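To start, the structure itself, in structure tokens.
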Amino acid sequence: MIRRIERDRSRFRDIVRGRIKSDLRKFVSQGEMFGRKGKDLISIPLPGIELPHFRFGDNKKQGVGQGEGEPGDGGEGKAGDQPGEHILEVEVPLAELAEILGEELRLPRIQPKGRSELVAPVGRYIGIRRTGPESLRHAKRTLKAALRRQIVAGAFDPEDPCLIPIRGDRHYRSWKVKNAPENSAVVVYMMDVSGSMGKEQKEVVRVEAFWINTWLRSQYKSLQIRYIVHDAAAREVDENTFFHLRESGGTKISSAYELCARLMQEKFPSSSWNVYPFHFSDGDNWSGRDTERCVELLEQTILPHCNVFCYGQVRSAYGSGQFKKDLDAKFPKDERVITSEIPDRDGILKSIQDFLGKGK
Amino acid sequence: MNLTPDLERARQEIEKHARAYGLDFFPTIFELVDHDELNEVASFGGFPTRYPHWRFGMEFDRLQKGYRYGLSKIYELVINNDPCYAYLMKSNSLVDQKLVISHVYGHCDFFKNNVYFAHTDRRMVDRMANHGTIIRKLMERHGVPEVETFLDRCLALDNLIDPHASALRRRADAKTDEDAAEEGPGRMRAKGYMDRHVNPARFLADQKKKQVEQKKKTERLPYPTRDVLRFLLEHAPLKRWQAEVLSLVREEAYYFAPQAQTKIMNEGWASYWHSMMMTRRVLKDSEVIDFADHHSGTLATSPGRLNPYKLGIELFRDIEERWNKGRFGKEWEECDHLDTRRRFDKKLGLGRDRIFEVRRLYCDVTFIDTFLNQDFCDAQKLYVYKTNPRTGRQEIASRDHRLVKEQLLFGLSNSGQPRIHVVDGNFGNRGELCLAHQFEGLEIDMRLATETMKHLEVLWGRPVHIETKLDGKGVLVTCAKGEVSTKELAPSGETDRKEDPTTH
């Protein structure tokens, strides 16, 4: 039976969802929407959900307390016998956030590219055994067996119910191995960290990456993320470094593509991975020759092995924006290459739609 | 009831003790539930059959989160009804259950006997279920969003009631004899056979019509009232179903009001009895430590915090002791010899009677006002804290019982809600509604007030105003067409309102 509260709860969730959806643009462009972020949950402060009332503000400066101390002694921390003002923080599962994003941007579900033949063994707890580790003991069945045995033996007194399972009563959960189709994906983020990419540009990339991850995570069972930064040379870094590193110097995009191609070959062969390389830069490159080298790398090693290659060009005061034009010119009809221009924070949603709207 | 044999035995024993101590309660039905069910019932305010509304779902989410993270756990839940319903959490130990059961009997006795609960509907469980049916039917007929939005508006105003309304008659509800006599036009005196010539029927009818019209024109503006919801019910342009919704929201608000008025007393009374029964009658030797642990947790105080359980139980105990020893009246008040005071004991033994009387007649405000004295403040180490404007820290300002009392009463009066009343239903002769907030030193939260006024405007159908004080100046906040604006008031208008005799 569905419990009565579930209806009110789902109505409340609908309201929260509706609110997030209508404010999505604001959330995305602000970037600082989040309270705490957990593994699967994110908490979003939503003012104005609770019913308003006429009530006193938080301008109360005194109250009554109880305890030791002389007049003039400080109370510990913030004390009060009145609740302060608080803004409701709702916890939203990341999966739901992805769903909202998908609905709002009309993102199609991704078809993992023809890999249903790819299977992996999956263990599921669906059986019962008489032996097993104590950590998997099935308490209910064990006690039932004990009860049955005690009743049969006449050792059970309903007035003083007491069950003592013996060895033979014990039941344990056990697992069976099944083969299930697997689809896992990897996102390789590449970012230009040369002097022309400022703090603001990185913030744009950070927000965009969060939403891309959220969406892809909802589409794939397991998602791995790798980060590459480059100026004149490229290297792989962790997430924190990726978003906060400040380098200067020239820009050689091909260095990043080389590293990416190597990573794909060595660790993420397209036979078992859906690969998503994303590249963000302000559009400057060292030279036309290097751009040619990039195109060559793309054509020969990256494109044949990835689902789609995405290039996001963040507008900056210093960037020329030439690289996007070059890519567009080289791959005018190629569906495997998606380029998008991100003028500012408000452009983030649009470019997410560009990248993920093809359903690849 | 679905208690286990163990619990049922404990319950019967405790009920017997409670009756023997003189507690007088409705039959009490205990339900054993798990934490999900308990949180569900708690988020419905204790009634499993409330009308559908998202705020219950929100509350449930909050409770579940608190429980999951181990931040909060509801031990006991009891609702004022005949029979009383109480819920016990399955996972609690037997000692805890015994404590909760005896605590619950304390609450039940309080519900039944305290005068502030006298007006509450003792069939509220049924009533709530009816409300649920009404709202669901309305939702079927008018659509969920329509009814829900209207419900939201009503609920935003549900603290604008007059908690004392049940005990007062501020307005003539029934027509007095005078009114009845005034009805109908005056007749000339005439003998029976001449009557139809002296007082012709047509003339009388005409006169009556005129009178009614005249009355309509000169009808006094509705009285200032603190029962804003009632005022809206009578004067706002509501459709029938809307009036029905508003009236049931109001009814529930009145049902819940006494619980806010007697929080300290109610918890104090229940704690007094659980500790009395547990320690003297119920506990086995092996259970003492667990009981003490839980009991001290319930009554724990921390600096800068006031625990209503603790304040209530200590005050009841203090009253009992004072009336047992005769420490009241002229002789006691005038005794200033320290040693005599310490040994003062007239062996009156009136304490138990006195606390039963107190639980019948008092609410938190009168309870604190009457019985909190300097001796009690010293014994309980009560103090008033203030924020030091220089350091921004909160500091102990005083341990004088008068200040402590003043501060406590300030927080308790009107259950900690701003006093707001209707002053004019035809403001500026434009059919607009004007409310006034009786300023007592605390400003109302303008962000929330703004939202509330938007709801109020929709209900009233015309612009609405509220007089209040911001930054020490009298202001008139106006909400017209969803736009809220603030205008400073001339100081004279302010003082007029203060002398309004109906605002007490």
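Chain labels A, B, ... are given in the sequence in which chains occur in the structure tokens; within each chain residues are numbered consecutively from 1, and ligands are likewise numbered from 1 in the order shown.
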
- [ ] Determine, counting only C-alpha atoms, which protein, DNA and RNA residues have an atom within 9 Å of an atom of Ser102 of chain B; residues of the same chain fewer than 4 positions away are not included. Present the result as a ChimeraX atom specification.
- [x] /B:11,14-15,18,97-98,106-107,270-271,273-275,277-278

Could those selected residues go to a file with N, CA and C atoms, as a short mmCIF file (atom, residue, chain, number, x, y, z; two decimals), in the first residue's frame?
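Okay, again_30.cif is ready:
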data_model
loop_
_atom_site.label_atom_id
_atom_site.label_comp_id
_atom_site.auth_asym_id
_atom_site.auth_seq_id
_atom_site.Cartn_x
_atom_site.Cartn_y
_atom_site.Cartn_z
N ARG B 11 1.80 -1.02 30.43
CA ARG B 11 0.82 0.05 30.28
C ARG B 11 -0.27 -0.05 31.34
N ILE B 14 1.04 1.07 34.63
CA ILE B 14 1.22 2.52 34.72
C ILE B 14 -0.12 3.23 34.79
N GLU B 15 -1.09 2.74 34.02
CA GLU B 15 -2.41 3.39 34.07
C GLU B 15 -2.99 3.31 35.48
N ALA B 18 -1.27 5.83 37.59
CA ALA B 18 -1.67 7.19 37.23
C ALA B 18 -3.03 7.52 37.85
N GLN B 97 10.05 2.95 26.82
CA GLN B 97 8.60 2.86 26.56
C GLN B 97 7.82 3.16 27.83
N LYS B 98 8.29 2.63 28.94
CA LYS B 98 7.58 2.88 30.20
C LYS B 98 7.59 4.37 30.50
N GLY B 106 0.48 11.85 31.62
CA GLY B 106 0.53 13.22 32.12
C GLY B 106 -0.08 14.19 31.13
N HIS B 107 0.31 14.05 29.86
CA HIS B 107 -0.24 14.93 28.82
C HIS B 107 -1.76 14.77 28.71
N ALA B 270 3.79 16.67 32.41
CA ALA B 270 4.03 15.30 31.98
C ALA B 270 5.35 14.78 32.53
N SER B 271 6.37 15.65 32.55
CA SER B 271 7.67 15.22 33.07
C SER B 271 7.59 14.97 34.58
N TRP B 273 5.08 13.90 36.19
CA TRP B 273 4.41 12.63 36.48
C TRP B 273 5.21 11.44 36.01
N HIS B 274 5.94 11.58 34.91
CA HIS B 274 6.71 10.39 34.53
C HIS B 274 7.80 10.15 35.56
N SER B 275 8.41 11.24 36.05
CA SER B 275 9.48 11.01 37.01
C SER B 275 8.90 10.49 38.33
N MET B 277 6.07 8.71 38.79
CA MET B 277 5.60 7.32 38.70
C MET B 277 6.76 6.34 38.50
N MET B 278 7.70 6.76 37.63
CA MET B 278 8.80 5.84 37.34
C MET B 278 9.63 5.57 38.58
#

Give me the residues within 9 Å of Leu88 of chain A as a PDB file with C-alpha atoms, in the first residue's frame, counting only C-alpha atoms and dropping any in the same chain fewer than 4 places off.
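Now in result-v9.pdb:
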ATOM      1  CA  ILE A  44      20.142  23.447  -3.074  1.00  0.00           C
ATOM      2  CA  PRO A  45      18.975  26.373  -0.996  1.00  0.00           C
ATOM      3  CA  LEU A  46      15.518  27.339  -2.193  1.00  0.00           C
ATOM      4  CA  PRO A  47      14.118  30.460  -0.579  1.00  0.00           C
ATOM      5  CA  GLY A  48      10.400  31.018  -0.568  1.00  0.00           C
ATOM      6  CA  ILE A  49       9.211  27.436  -0.656  1.00  0.00           C
ATOM      7  CA  GLU A  50       7.914  27.504   2.861  1.00  0.00           C
TER       8      GLU A  50
END

- [ ] Go through segment 86-302 of chain A and collect every residue that DSSP, computed from the backbone, puts in helix (DSSP H, G or I); the answer should be as a PyMOL selection string.
- [x] chain A and resi 94-105+134-136+139-153+167-169+199-219+239-244+253-266+288-302

Emit the selected residues as a PDB file, in the first residue's frame, including C-alpha atoms.
ATOM      1  CA  LEU A  94      22.010  14.165  -8.919  1.00  0.00           C
ATOM      2  CA  ALA A  95      20.032  11.793 -11.108  1.00  0.00           C
ATOM      3  CA  GLU A  96      16.974  13.962 -10.654  1.00  0.00           C
ATOM      4  CA  LEU A  97      18.925  17.088 -11.405  1.00  0.00           C
ATOM      5  CA  ALA A  98      20.069  15.460 -14.623  1.00  0.00           C
ATOM      6  CA  GLU A  99      16.490  14.624 -15.431  1.00  0.00           C
ATOM      7  CA  ILE A 100      15.452  18.227 -14.898  1.00  0.00           C
ATOM      8  CA  LEU A 101      18.296  19.395 -17.088  1.00  0.00           C
ATOM      9  CA  GLY A 102      17.325  16.906 -19.740  1.00  0.00           C
ATOM     10  CA  GLU A 103      13.703  17.994 -19.708  1.00  0.00           C
ATOM     11  CA  GLU A 104      14.503  21.662 -19.755  1.00  0.00           C
ATOM     12  CA  LEU A 105      17.007  21.427 -22.607  1.00  0.00           C
ATOM     13  CA  GLU A 134      28.047 -13.935   9.396  1.00  0.00           C
ATOM     14  CA  SER A 135      27.908 -10.539   7.744  1.00  0.00           C
ATOM     15  CA  LEU A 136      25.401 -11.922   5.263  1.00  0.00           C
ATOM     16  CA  ALA A 139      18.121 -12.485  10.424  1.00  0.00           C
ATOM     17  CA  LYS A 140      14.473 -12.900   9.594  1.00  0.00           C
ATOM     18  CA  ARG A 141      14.800 -16.360   8.087  1.00  0.00           C
ATOM     19  CA  THR A 142      17.162 -17.448  10.826  1.00  0.00           C
ATOM     20  CA  LEU A 143      14.740 -16.410  13.539  1.00  0.00           C
ATOM     21  CA  LYS A 144      11.813 -17.965  11.696  1.00  0.00           C
ATOM     22  CA  ALA A 145      13.659 -21.250  11.526  1.00  0.00           C
ATOM     23  CA  ALA A 146      14.493 -21.008  15.204  1.00  0.00           C
ATOM     24  CA  LEU A 147      10.867 -20.283  16.032  1.00  0.00           C
ATOM     25  CA  ARG A 148       9.676 -23.235  14.011  1.00  0.00           C
ATOM     26  CA  ARG A 149      12.148 -25.534  15.670  1.00  0.00           C
ATOM     27  CA  GLN A 150      11.327 -24.306  19.161  1.00  0.00           C
ATOM     28  CA  ILE A 151       7.581 -24.644  18.630  1.00  0.00           C
ATOM     29  CA  VAL A 152       8.046 -28.163  17.361  1.00  0.00           C
ATOM     30  CA  ALA A 153      10.252 -28.966  20.331  1.00  0.00           C
ATOM     31  CA  ARG A 167      23.772 -23.554  14.058  1.00  0.00           C
ATOM     32  CA  GLY A 168      21.165 -25.389  12.008  1.00  0.00           C
ATOM     33  CA  ASP A 169      18.741 -22.447  12.000  1.00  0.00           C
ATOM     34  CA  LYS A 199      39.493  33.110 -13.726  1.00  0.00           C
ATOM     35  CA  GLU A 200      36.102  33.860 -15.206  1.00  0.00           C
ATOM     36  CA  GLN A 201      36.720  31.600 -18.211  1.00  0.00           C
ATOM     37  CA  LYS A 202      37.722  28.749 -15.942  1.00  0.00           C
ATOM     38  CA  GLU A 203      34.619  29.254 -13.854  1.00  0.00           C
ATOM     39  CA  VAL A 204      32.528  28.924 -17.000  1.00  0.00           C
ATOM     40  CA  VAL A 205      34.295  25.685 -17.833  1.00  0.00           C
ATOM     41  CA  ARG A 206      33.858  24.430 -14.284  1.00  0.00           C
ATOM     42  CA  VAL A 207      30.111  25.012 -14.280  1.00  0.00           C
ATOM     43  CA  GLU A 208      29.703  23.543 -17.713  1.00  0.00           C
ATOM     44  CA  ALA A 209      31.738  20.478 -16.776  1.00  0.00           C
ATOM     45  CA  PHE A 210      29.553  19.932 -13.713  1.00  0.00           C
ATOM     46  CA  TRP A 211      26.394  19.830 -15.795  1.00  0.00           C
ATOM     47  CA  ILE A 212      27.926  17.680 -18.507  1.00  0.00           C
ATOM     48  CA  ASN A 213      29.070  15.208 -15.863  1.00  0.00           C
ATOM     49  CA  THR A 214      25.658  15.239 -14.232  1.00  0.00           C
ATOM     50  CA  TRP A 215      23.987  14.428 -17.525  1.00  0.00           C
ATOM     51  CA  LEU A 216      26.428  11.767 -18.674  1.00  0.00           C
ATOM     52  CA  ARG A 217      26.363  10.160 -15.270  1.00  0.00           C
ATOM     53  CA  SER A 218      22.613   9.755 -15.615  1.00  0.00           C
ATOM     54  CA  GLN A 219      23.130   8.033 -18.973  1.00  0.00           C
ATOM     55  CA  GLU A 239      40.149  17.772 -10.700  1.00  0.00           C
ATOM     56  CA  ASN A 240      41.197  20.441  -8.258  1.00  0.00           C
ATOM     57  CA  THR A 241      44.307  21.349 -10.213  1.00  0.00           C
ATOM     58  CA  PHE A 242      42.350  21.360 -13.429  1.00  0.00           C
ATOM     59  CA  PHE A 243      40.057  24.137 -12.323  1.00  0.00           C
ATOM     60  CA  HIS A 244      42.424  26.182 -10.241  1.00  0.00           C
ATOM     61  CA  ILE A 253      46.744  22.515 -28.632  1.00  0.00           C
ATOM     62  CA  SER A 254      48.200  19.522 -30.410  1.00  0.00           C
ATOM     63  CA  SER A 255      50.090  18.605 -27.242  1.00  0.00           C
ATOM     64  CA  ALA A 256      46.805  17.992 -25.470  1.00  0.00           C
ATOM     65  CA  TYR A 257      45.319  16.038 -28.350  1.00  0.00           C
ATOM     66  CA  GLU A 258      48.383  13.837 -28.453  1.00  0.00           C
ATOM     67  CA  LEU A 259      48.085  13.082 -24.773  1.00  0.00           C
ATOM     68  CA  CYS A 260      44.380  12.440 -25.130  1.00  0.00           C
ATOM     69  CA  ALA A 261      44.913  10.086 -28.038  1.00  0.00           C
ATOM     70  CA  ARG A 262      47.519   8.182 -26.067  1.00  0.00           C
ATOM     71  CA  LEU A 263      45.213   7.949 -23.061  1.00  0.00           C
ATOM     72  CA  MET A 264      42.419   6.599 -25.247  1.00  0.00           C
ATOM     73  CA  GLN A 265      44.637   4.012 -26.825  1.00  0.00           C
ATOM     74  CA  GLU A 266      46.219   2.798 -23.617  1.00  0.00           C
ATOM     75  CA  GLY A 288      48.562  27.461 -38.208  1.00  0.00           C
ATOM     76  CA  ARG A 289      50.865  24.500 -38.516  1.00  0.00           C
ATOM     77  CA  ASP A 290      49.964  23.287 -35.075  1.00  0.00           C
ATOM     78  CA  THR A 291      46.297  23.572 -35.962  1.00  0.00           C
ATOM     79  CA  GLU A 292      46.924  21.349 -38.974  1.00  0.00           C
ATOM     80  CA  ARG A 293      48.599  18.859 -36.686  1.00  0.00           C
ATOM     81  CA  CYS A 294      45.517  18.970 -34.433  1.00  0.00           C
ATOM     82  CA  VAL A 295      43.194  18.235 -37.328  1.00  0.00           C
ATOM     83  CA  GLU A 296      45.398  15.347 -38.337  1.00  0.00           C
ATOM     84  CA  LEU A 297      45.320  13.907 -34.817  1.00  0.00           C
ATOM     85  CA  LEU A 298      41.578  14.278 -34.674  1.00  0.00           C
ATOM     86  CA  GLU A 299      40.990  12.595 -37.987  1.00  0.00           C
ATOM     87  CA  GLN A 300      43.357   9.725 -37.482  1.00  0.00           C
ATOM     88  CA  THR A 301      43.334   8.807 -33.829  1.00  0.00           C
ATOM     89  CA  ILE A 302      40.611  10.569 -31.888  1.00  0.00           C
TER      90      ILE A 302
END

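Residue nearest Thr251 of chain A, chosen from A:His230, A:Arg129, A:Arg345, A:Lys350 and counting only C-alpha atoms: A:His230.
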
Task: Residues of chain B within 8 Å of chain A, counting only C-alpha atoms, as JSON, numbers by chain - done: {"B": [5, 40, 52, 53, 54, 55, 56, 57, 58, 60, 61, 152, 155, 156, 157, 159, 301, 302, 303, 304, 305, 306, 380, 381, 382, 383, 384, 385, 386, 387, 393, 394, 395, 396, 397, 398, 399, 404, 407, 408, 417, 418, 442, 443, 444, 445, 446, 448, 449, 451, 452]}
